[in-house]
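Quick look at entry-v5.pdb (PDB, C-alpha atoms):
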ATOM      1  CA  GLN A  27      76.823  -2.842   1.138  1.00  0.00           C
ATOM      2  CA  VAL A  28      74.313  -4.551  -1.123  1.00  0.00           C
ATOM      3  CA  GLN A  29      75.375  -4.457  -4.772  1.00  0.00           C
ATOM      4  CA  LEU A  30      73.536  -4.758  -8.028  1.00  0.00           C
ATOM      5  CA  VAL A  31      74.733  -7.438 -10.462  1.00  0.00           C
ATOM      6  CA  GLU A  32      75.569  -6.284 -13.983  1.00  0.00           C
ATOM      7  CA  SER A  33      76.343  -8.197 -17.150  1.00  0.00           C
ATOM      8  CA  GLY A  34      76.672  -7.661 -20.876  1.00  0.00           C
ATOM      9  CA  GLY A  35      79.631  -5.364 -21.412  1.00  0.00           C
ATOM     10  CA  GLY A  36      82.365  -6.065 -23.927  1.00  0.00           C
ATOM     11  CA  LEU A  37      84.207  -4.972 -27.050  1.00  0.00           C
ATOM     12  CA  VAL A  38      82.302  -4.016 -30.178  1.00  0.00           C
ATOM     13  CA  GLN A  39      83.031  -2.175 -33.407  1.00  0.00           C
ATOM     14  CA  ALA A  40      81.538   1.223 -34.104  1.00  0.00           C
ATOM     15  CA  GLY A  41      77.990   0.856 -35.366  1.00  0.00           C
ATOM     16  CA  GLY A  42      77.462  -2.342 -33.410  1.00  0.00           C
ATOM     17  CA  SER A  43      75.134  -3.170 -30.531  1.00  0.00           C
ATOM     18  CA  LEU A  44      75.359  -4.382 -26.956  1.00  0.00           C
ATOM     19  CA  ARG A  45      72.765  -5.120 -24.297  1.00  0.00           C
ATOM     20  CA  LEU A  46      73.471  -4.541 -20.629  1.00  0.00           C
ATOM     21  CA  SER A  47      71.499  -6.200 -17.848  1.00  0.00           C
ATOM     22  CA  CYS A  48      71.357  -5.421 -14.142  1.00  0.00           C
ATOM     23  CA  ALA A  49      69.565  -7.298 -11.401  1.00  0.00           C
ATOM     24  CA  ALA A  50      68.825  -5.968  -7.936  1.00  0.00           C
ATOM     25  CA  PRO A  51      68.748  -8.538  -5.125  1.00  0.00           C
ATOM     26  CA  GLY A  52      65.472  -9.152  -3.355  1.00  0.00           C
ATOM     27  CA  SER A  53      66.879  -7.631  -0.166  1.00  0.00           C
ATOM     28  CA  ILE A  54      66.461  -4.174  -1.741  1.00  0.00           C
ATOM     29  CA  VAL A  55      62.835  -3.220  -1.260  1.00  0.00           C
ATOM     30  CA  GLY A  56      60.804  -0.344  -2.552  1.00  0.00           C
ATOM     31  CA  ILE A  57      62.859   0.312  -5.674  1.00  0.00           C
ATOM     32  CA  ASN A  58      61.595   3.334  -7.582  1.00  0.00           C
ATOM     33  CA  SER A  59      64.041   4.369 -10.276  1.00  0.00           C
ATOM     34  CA  MET A  60      66.671   2.216 -11.975  1.00  0.00           C
ATOM     35  CA  GLY A  61      69.213   3.513 -14.394  1.00  0.00           C
ATOM     36  CA  TRP A  62      72.613   3.483 -15.990  1.00  0.00           C
ATOM     37  CA  TYR A  63      75.538   5.834 -15.561  1.00  0.00           C
ATOM     38  CA  ARG A  64      78.917   5.766 -17.253  1.00  0.00           C
ATOM     39  CA  GLN A  65      82.399   7.038 -16.561  1.00  0.00           C
ATOM     40  CA  ALA A  66      85.078   7.432 -19.199  1.00  0.00           C
ATOM     41  CA  PRO A  67      88.766   7.791 -18.260  1.00  0.00           C
ATOM     42  CA  GLY A  68      89.483  11.249 -16.906  1.00  0.00           C
ATOM     43  CA  LYS A  69      85.812  12.234 -16.904  1.00  0.00           C
ATOM     44  CA  GLN A  70      83.080  12.452 -14.290  1.00  0.00           C
ATOM     45  CA  ARG A  71      80.375   9.849 -14.003  1.00  0.00           C
ATOM     46  CA  GLU A  72      77.344  10.881 -16.056  1.00  0.00           C
ATOM     47  CA  LEU A  73      73.755   9.761 -16.341  1.00  0.00           C
ATOM     48  CA  VAL A  74      72.984   7.702 -19.439  1.00  0.00           C
ATOM     49  CA  ALA A  75      69.357   6.695 -18.903  1.00  0.00           C
ATOM     50  CA  VAL A  76      66.885   6.215 -16.090  1.00  0.00           C
ATOM     51  CA  ILE A  77      63.451   4.620 -15.812  1.00  0.00           C
ATOM     52  CA  THR A  78      60.955   4.892 -12.982  1.00  0.00           C
ATOM     53  CA  ARG A  79      58.820   2.070 -11.663  1.00  0.00           C
ATOM     54  CA  GLY A  80      55.920   3.525 -13.616  1.00  0.00           C
ATOM     55  CA  GLY A  81      57.894   3.476 -16.861  1.00  0.00           C
ATOM     56  CA  THR A  82      58.891   7.123 -17.287  1.00  0.00           C
ATOM     57  CA  ARG A  83      62.212   7.291 -19.145  1.00  0.00           C
ATOM     58  CA  ASN A  84      64.889   9.938 -19.410  1.00  0.00           C
ATOM     59  CA  TYR A  85      67.990   9.837 -21.582  1.00  0.00           C
ATOM     60  CA  ALA A  86      71.172  11.836 -21.952  1.00  0.00           C
ATOM     61  CA  ASP A  87      71.051  13.862 -25.158  1.00  0.00           C
ATOM     62  CA  SER A  88      74.115  12.023 -26.441  1.00  0.00           C
ATOM     63  CA  VAL A  89      72.314   8.655 -26.503  1.00  0.00           C
ATOM     64  CA  LYS A  90      68.779   9.617 -27.503  1.00  0.00           C
ATOM     65  CA  GLY A  91      67.600   7.609 -30.485  1.00  0.00           C
ATOM     66  CA  ARG A  92      70.366   5.023 -30.042  1.00  0.00           C
ATOM     67  CA  PHE A  93      69.893   3.601 -26.533  1.00  0.00           C
ATOM     68  CA  THR A  94      66.729   2.139 -25.011  1.00  0.00           C
ATOM     69  CA  ILE A  95      66.212   1.490 -21.312  1.00  0.00           C
ATOM     70  CA  SER A  96      63.627  -1.005 -20.086  1.00  0.00           C
ATOM     71  CA  ARG A  97      62.875  -2.890 -16.885  1.00  0.00           C
ATOM     72  CA  ASP A  98      61.093  -5.905 -15.488  1.00  0.00           C
ATOM     73  CA  ASN A  99      59.614  -4.869 -12.148  1.00  0.00           C
ATOM     74  CA  ALA A 100      58.788  -8.446 -11.168  1.00  0.00           C
ATOM     75  CA  LYS A 101      62.480  -9.384 -11.520  1.00  0.00           C
ATOM     76  CA  ASN A 102      63.940  -6.079 -10.254  1.00  0.00           C
ATOM     77  CA  THR A 103      65.955  -6.017 -13.454  1.00  0.00           C
ATOM     78  CA  VAL A 104      66.865  -3.166 -15.778  1.00  0.00           C
ATOM     79  CA  TYR A 105      68.225  -3.402 -19.310  1.00  0.00           C
ATOM     80  CA  LEU A 106      70.061  -1.032 -21.615  1.00  0.00           C
ATOM     81  CA  GLN A 107      69.930  -1.794 -25.333  1.00  0.00           C
ATOM     82  CA  MET A 108      72.714   0.148 -27.039  1.00  0.00           C
ATOM     83  CA  ASN A 109      72.630   0.464 -30.827  1.00  0.00           C
ATOM     84  CA  SER A 110      74.748   2.433 -33.299  1.00  0.00           C
ATOM     85  CA  LEU A 111      77.577   2.529 -30.791  1.00  0.00           C
ATOM     86  CA  LYS A 112      80.291   5.144 -31.185  1.00  0.00           C
ATOM     87  CA  PRO A 113      83.856   5.234 -29.858  1.00  0.00           C
ATOM     88  CA  GLU A 114      82.816   8.032 -27.508  1.00  0.00           C
ATOM     89  CA  ASP A 115      80.439   5.588 -25.808  1.00  0.00           C
ATOM     90  CA  THR A 116      83.494   3.777 -24.436  1.00  0.00           C
ATOM     91  CA  ALA A 117      83.303   3.832 -20.637  1.00  0.00           C
ATOM     92  CA  VAL A 118      82.616   1.802 -17.541  1.00  0.00           C
ATOM     93  CA  TYR A 119      78.850   1.521 -17.211  1.00  0.00           C
ATOM     94  CA  TYR A 120      77.320   1.420 -13.730  1.00  0.00           C
ATOM     95  CA  CYS A 121      73.843   0.299 -12.812  1.00  0.00           C
ATOM     96  CA  ASN A 122      71.954   2.297 -10.186  1.00  0.00           C
ATOM     97  CA  ALA A 123      68.794   1.712  -8.196  1.00  0.00           C
ATOM     98  CA  MET A 124      67.116   4.135  -5.849  1.00  0.00           C
ATOM     99  CA  ASN A 125      64.292   3.229  -3.491  1.00  0.00           C
ATOM    100  CA  PHE A 126      61.467   5.384  -2.174  1.00  0.00           C
ATOM    101  CA  LEU A 127      63.625   6.385   0.816  1.00  0.00           C
ATOM    102  CA  GLN A 128      66.153   7.710  -1.736  1.00  0.00           C
ATOM    103  CA  ALA A 129      68.796   5.183  -0.755  1.00  0.00           C
ATOM    104  CA  ASN A 130      71.157   4.523  -3.668  1.00  0.00           C
ATOM    105  CA  TYR A 131      72.600   1.170  -4.706  1.00  0.00           C
ATOM    106  CA  TRP A 132      75.278   0.562  -7.326  1.00  0.00           C
ATOM    107  CA  GLY A 133      76.716  -2.231  -9.396  1.00  0.00           C
ATOM    108  CA  GLN A 134      80.405  -2.966  -9.708  1.00  0.00           C
ATOM    109  CA  GLY A 135      80.581  -1.582 -13.246  1.00  0.00           C
ATOM    110  CA  THR A 136      80.971  -3.242 -16.625  1.00  0.00           C
ATOM    111  CA  GLN A 137      83.387  -2.133 -19.333  1.00  0.00           C
ATOM    112  CA  VAL A 138      82.050  -1.153 -22.751  1.00  0.00           C
ATOM    113  CA  THR A 139      84.682  -0.543 -25.418  1.00  0.00           C
ATOM    114  CA  VAL A 140      83.779   0.638 -28.917  1.00  0.00           C
ATOM    115  CA  SER A 141      86.528   0.449 -31.510  1.00  0.00           C
ATOM    116  CA  SER A 142      86.633   2.735 -34.524  1.00  0.00           C
TER     117      SER A 142
END
As structure tokens, the full file:
Amino acid sequence: QVQLVESGGGLVQAGGSLRLSCAAPGSIVGINSMGWYRQAPGKQRELVAVITRGGTRNYADSVKGRFTISRDNAKNTVYLQMNSLKPEDTAVYYCNAMNFLQANYWGQGTQVTVSS
């Protein structure tokens, strides 16, 4: 199974910032949407933000105004700039890409920990 490659997680104090990056290999063609999901211990995986190839963005209400998703179509790369981080943002963050055939691809996950 082809995987996306994530980077940028880590430990940060509340109020701090982190930037996540995710690159899709060239073997994945026809990528439409790219996005980020997260899963906290004992909770279901939830959508954080998604961006289409055309640039349409959607965010979870809990991160609006604090997180910004962007992408570089030429590099098949998506970014998540996370500002004003809160302890409740602590989770494993997963990158996702979906192509026009609606096939889904995932990254291995990167841990984000926000201390209070």
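Atom pair CA of Tyr131 (chain A) / CA of Leu111 (chain A): separated by 26.6 Å.
Atom pair CA of Ala66 (chain A) / CA of Gly135 (chain A) has a distance of 11.7 Å (rounded to one decimal).
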Care to translate the PyMOL selection byres ((chain A and resi 75-78) around 8) into actual residues of this file, as a PDB file with C-alpha atoms, in the frame of the given file?
ATOM      1  CA  ASN A  58      61.595   3.334  -7.582  1.00  0.00           C
ATOM      2  CA  SER A  59      64.041   4.369 -10.276  1.00  0.00           C
ATOM      3  CA  MET A  60      66.671   2.216 -11.975  1.00  0.00           C
ATOM      4  CA  GLY A  61      69.213   3.513 -14.394  1.00  0.00           C
ATOM      5  CA  TRP A  62      72.613   3.483 -15.990  1.00  0.00           C
ATOM      6  CA  TYR A  63      75.538   5.834 -15.561  1.00  0.00           C
ATOM      7  CA  LEU A  73      73.755   9.761 -16.341  1.00  0.00           C
ATOM      8  CA  VAL A  74      72.984   7.702 -19.439  1.00  0.00           C
ATOM      9  CA  ARG A  79      58.820   2.070 -11.663  1.00  0.00           C
ATOM     10  CA  GLY A  80      55.920   3.525 -13.616  1.00  0.00           C
ATOM     11  CA  GLY A  81      57.894   3.476 -16.861  1.00  0.00           C
ATOM     12  CA  THR A  82      58.891   7.123 -17.287  1.00  0.00           C
ATOM     13  CA  ARG A  83      62.212   7.291 -19.145  1.00  0.00           C
ATOM     14  CA  ASN A  84      64.889   9.938 -19.410  1.00  0.00           C
ATOM     15  CA  TYR A  85      67.990   9.837 -21.582  1.00  0.00           C
ATOM     16  CA  ALA A  86      71.172  11.836 -21.952  1.00  0.00           C
ATOM     17  CA  ILE A  95      66.212   1.490 -21.312  1.00  0.00           C
ATOM     18  CA  SER A  96      63.627  -1.005 -20.086  1.00  0.00           C
ATOM     19  CA  ARG A  97      62.875  -2.890 -16.885  1.00  0.00           C
TER      20      ARG A  97
END
ask   = Once the PyMOL selection byres ((chain A and resi 101) around 10) has been applied to the shown file, what residues remain in the selection, as a ChimeraX atom specification?
value = /A:49-52,97-100,102-104
(message) Taking the file as I've supplied it (selection: the PyMOL selection byres ((chain A and resi 28) around 10)), which residues are included? Please answer as a PyMOL selection string.
(response) chain A and resi 27+29-31+50-51+53-54+130-133
Across A:Tyr119, A:Met108, A:Ala129, A:Leu37, the smallest distance to Ser142 (chain A), with only C-alpha atoms counted, is shown by A:Leu37
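Picture a line from CA of Gln39 (chain A) to CA of Asn122 (chain A); it runs 26.1 Å.
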To test the calculation: enclose all listed atoms of region 101-106 of chain A in a box whose edges run along x, y and z, add 6 Å on each side, then state centre and edge lengths in Å to one decimal, as lines of an AutoDock Vina configuration file.
center_x = 66.3
center_y = -5.2
center_z = -15.9
size_x = 19.6
size_y = 20.4
size_z = 23.4
Starting from the incomplete input, reconstruct N, CA and C atoms of region 73-109 of chain A and write that as a short mmCIF file (atom, residue, chain, number, x, y, z; two decimals), in the coordinates of the input.
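Dumped to part_0.cif:
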data_model
loop_
_atom_site.label_atom_id
_atom_site.label_comp_id
_atom_site.auth_asym_id
_atom_site.auth_seq_id
_atom_site.Cartn_x
_atom_site.Cartn_y
_atom_site.Cartn_z
N LEU A 73 74.98 10.53 -16.14
CA LEU A 73 73.76 9.76 -16.34
C LEU A 73 73.62 9.40 -17.81
N VAL A 74 73.27 8.15 -18.08
CA VAL A 74 72.98 7.70 -19.44
C VAL A 74 71.48 7.61 -19.66
N ALA A 75 70.80 6.88 -18.78
CA ALA A 75 69.36 6.70 -18.90
C ALA A 75 68.80 6.25 -17.57
N VAL A 76 67.55 6.60 -17.33
CA VAL A 76 66.89 6.22 -16.09
C VAL A 76 65.43 5.91 -16.40
N ILE A 77 64.86 4.98 -15.65
CA ILE A 77 63.45 4.62 -15.81
C ILE A 77 62.83 4.44 -14.44
N THR A 78 61.65 5.03 -14.26
CA THR A 78 60.96 4.89 -12.98
C THR A 78 60.14 3.60 -12.96
N ARG A 79 59.62 3.28 -11.79
CA ARG A 79 58.82 2.07 -11.66
C ARG A 79 57.60 2.13 -12.57
N GLY A 80 57.09 3.34 -12.77
CA GLY A 80 55.92 3.52 -13.62
C GLY A 80 56.23 3.56 -15.10
N GLY A 81 57.53 3.55 -15.45
CA GLY A 81 57.89 3.48 -16.86
C GLY A 81 58.32 4.78 -17.50
N THR A 82 58.42 5.86 -16.73
CA THR A 82 58.89 7.12 -17.29
C THR A 82 60.39 7.03 -17.53
N ARG A 83 60.81 7.41 -18.74
CA ARG A 83 62.21 7.29 -19.14
C ARG A 83 62.84 8.66 -19.39
N ASN A 84 64.10 8.76 -19.05
CA ASN A 84 64.89 9.94 -19.41
C ASN A 84 66.25 9.48 -19.93
N TYR A 85 66.73 10.19 -20.95
CA TYR A 85 67.99 9.84 -21.58
C TYR A 85 68.91 11.05 -21.66
N ALA A 86 70.21 10.79 -21.62
CA ALA A 86 71.17 11.84 -21.95
C ALA A 86 71.02 12.18 -23.42
N ASP A 87 71.21 13.44 -23.76
CA ASP A 87 71.05 13.86 -25.16
C ASP A 87 71.96 13.06 -26.09
N SER A 88 73.13 12.69 -25.60
CA SER A 88 74.11 12.02 -26.44
C SER A 88 73.70 10.61 -26.86
N VAL A 89 72.71 10.04 -26.18
CA VAL A 89 72.31 8.65 -26.50
C VAL A 89 70.89 8.54 -27.01
N LYS A 90 70.17 9.66 -27.04
CA LYS A 90 68.78 9.62 -27.50
C LYS A 90 68.71 9.09 -28.93
N GLY A 91 67.77 8.20 -29.16
CA GLY A 91 67.60 7.61 -30.48
C GLY A 91 68.49 6.41 -30.74
N ARG A 92 69.46 6.17 -29.86
CA ARG A 92 70.37 5.02 -30.04
C ARG A 92 70.24 4.01 -28.91
N PHE A 93 69.99 4.47 -27.70
CA PHE A 93 69.89 3.60 -26.53
C PHE A 93 68.44 3.51 -26.07
N THR A 94 68.07 2.35 -25.56
CA THR A 94 66.73 2.14 -25.01
C THR A 94 66.84 1.46 -23.65
N ILE A 95 66.22 2.08 -22.64
CA ILE A 95 66.21 1.49 -21.31
C ILE A 95 64.86 0.84 -21.08
N SER A 96 64.87 -0.31 -20.43
CA SER A 96 63.63 -1.00 -20.09
C SER A 96 63.83 -1.73 -18.75
N ARG A 97 62.74 -2.19 -18.16
CA ARG A 97 62.88 -2.89 -16.89
C ARG A 97 61.78 -3.92 -16.73
N ASP A 98 62.06 -4.89 -15.88
CA ASP A 98 61.09 -5.90 -15.49
C ASP A 98 60.91 -5.75 -13.99
N ASN A 99 59.82 -5.14 -13.57
CA ASN A 99 59.61 -4.87 -12.15
C ASN A 99 59.53 -6.16 -11.32
N ALA A 100 58.94 -7.19 -11.90
CA ALA A 100 58.79 -8.45 -11.17
C ALA A 100 60.15 -9.07 -10.85
N LYS A 101 61.14 -8.81 -11.71
CA LYS A 101 62.48 -9.38 -11.52
C LYS A 101 63.47 -8.36 -10.97
N ASN A 102 63.03 -7.14 -10.71
CA ASN A 102 63.94 -6.08 -10.25
C ASN A 102 65.15 -5.97 -11.17
N THR A 103 64.89 -6.01 -12.46
CA THR A 103 65.96 -6.02 -13.45
C THR A 103 65.76 -4.86 -14.43
N VAL A 104 66.88 -4.24 -14.81
CA VAL A 104 66.86 -3.17 -15.78
C VAL A 104 67.81 -3.52 -16.92
N TYR A 105 67.46 -3.10 -18.12
CA TYR A 105 68.22 -3.40 -19.31
C TYR A 105 68.58 -2.11 -20.04
N LEU A 106 69.68 -2.15 -20.76
CA LEU A 106 70.06 -1.03 -21.62
C LEU A 106 70.47 -1.60 -22.97
N GLN A 107 69.61 -1.38 -23.97
CA GLN A 107 69.93 -1.79 -25.33
C GLN A 107 70.66 -0.64 -26.00
N MET A 108 71.88 -0.90 -26.45
CA MET A 108 72.71 0.15 -27.04
C MET A 108 72.97 -0.19 -28.51
N ASN A 109 72.45 0.65 -29.38
CA ASN A 109 72.63 0.46 -30.83
C ASN A 109 73.45 1.61 -31.40
#
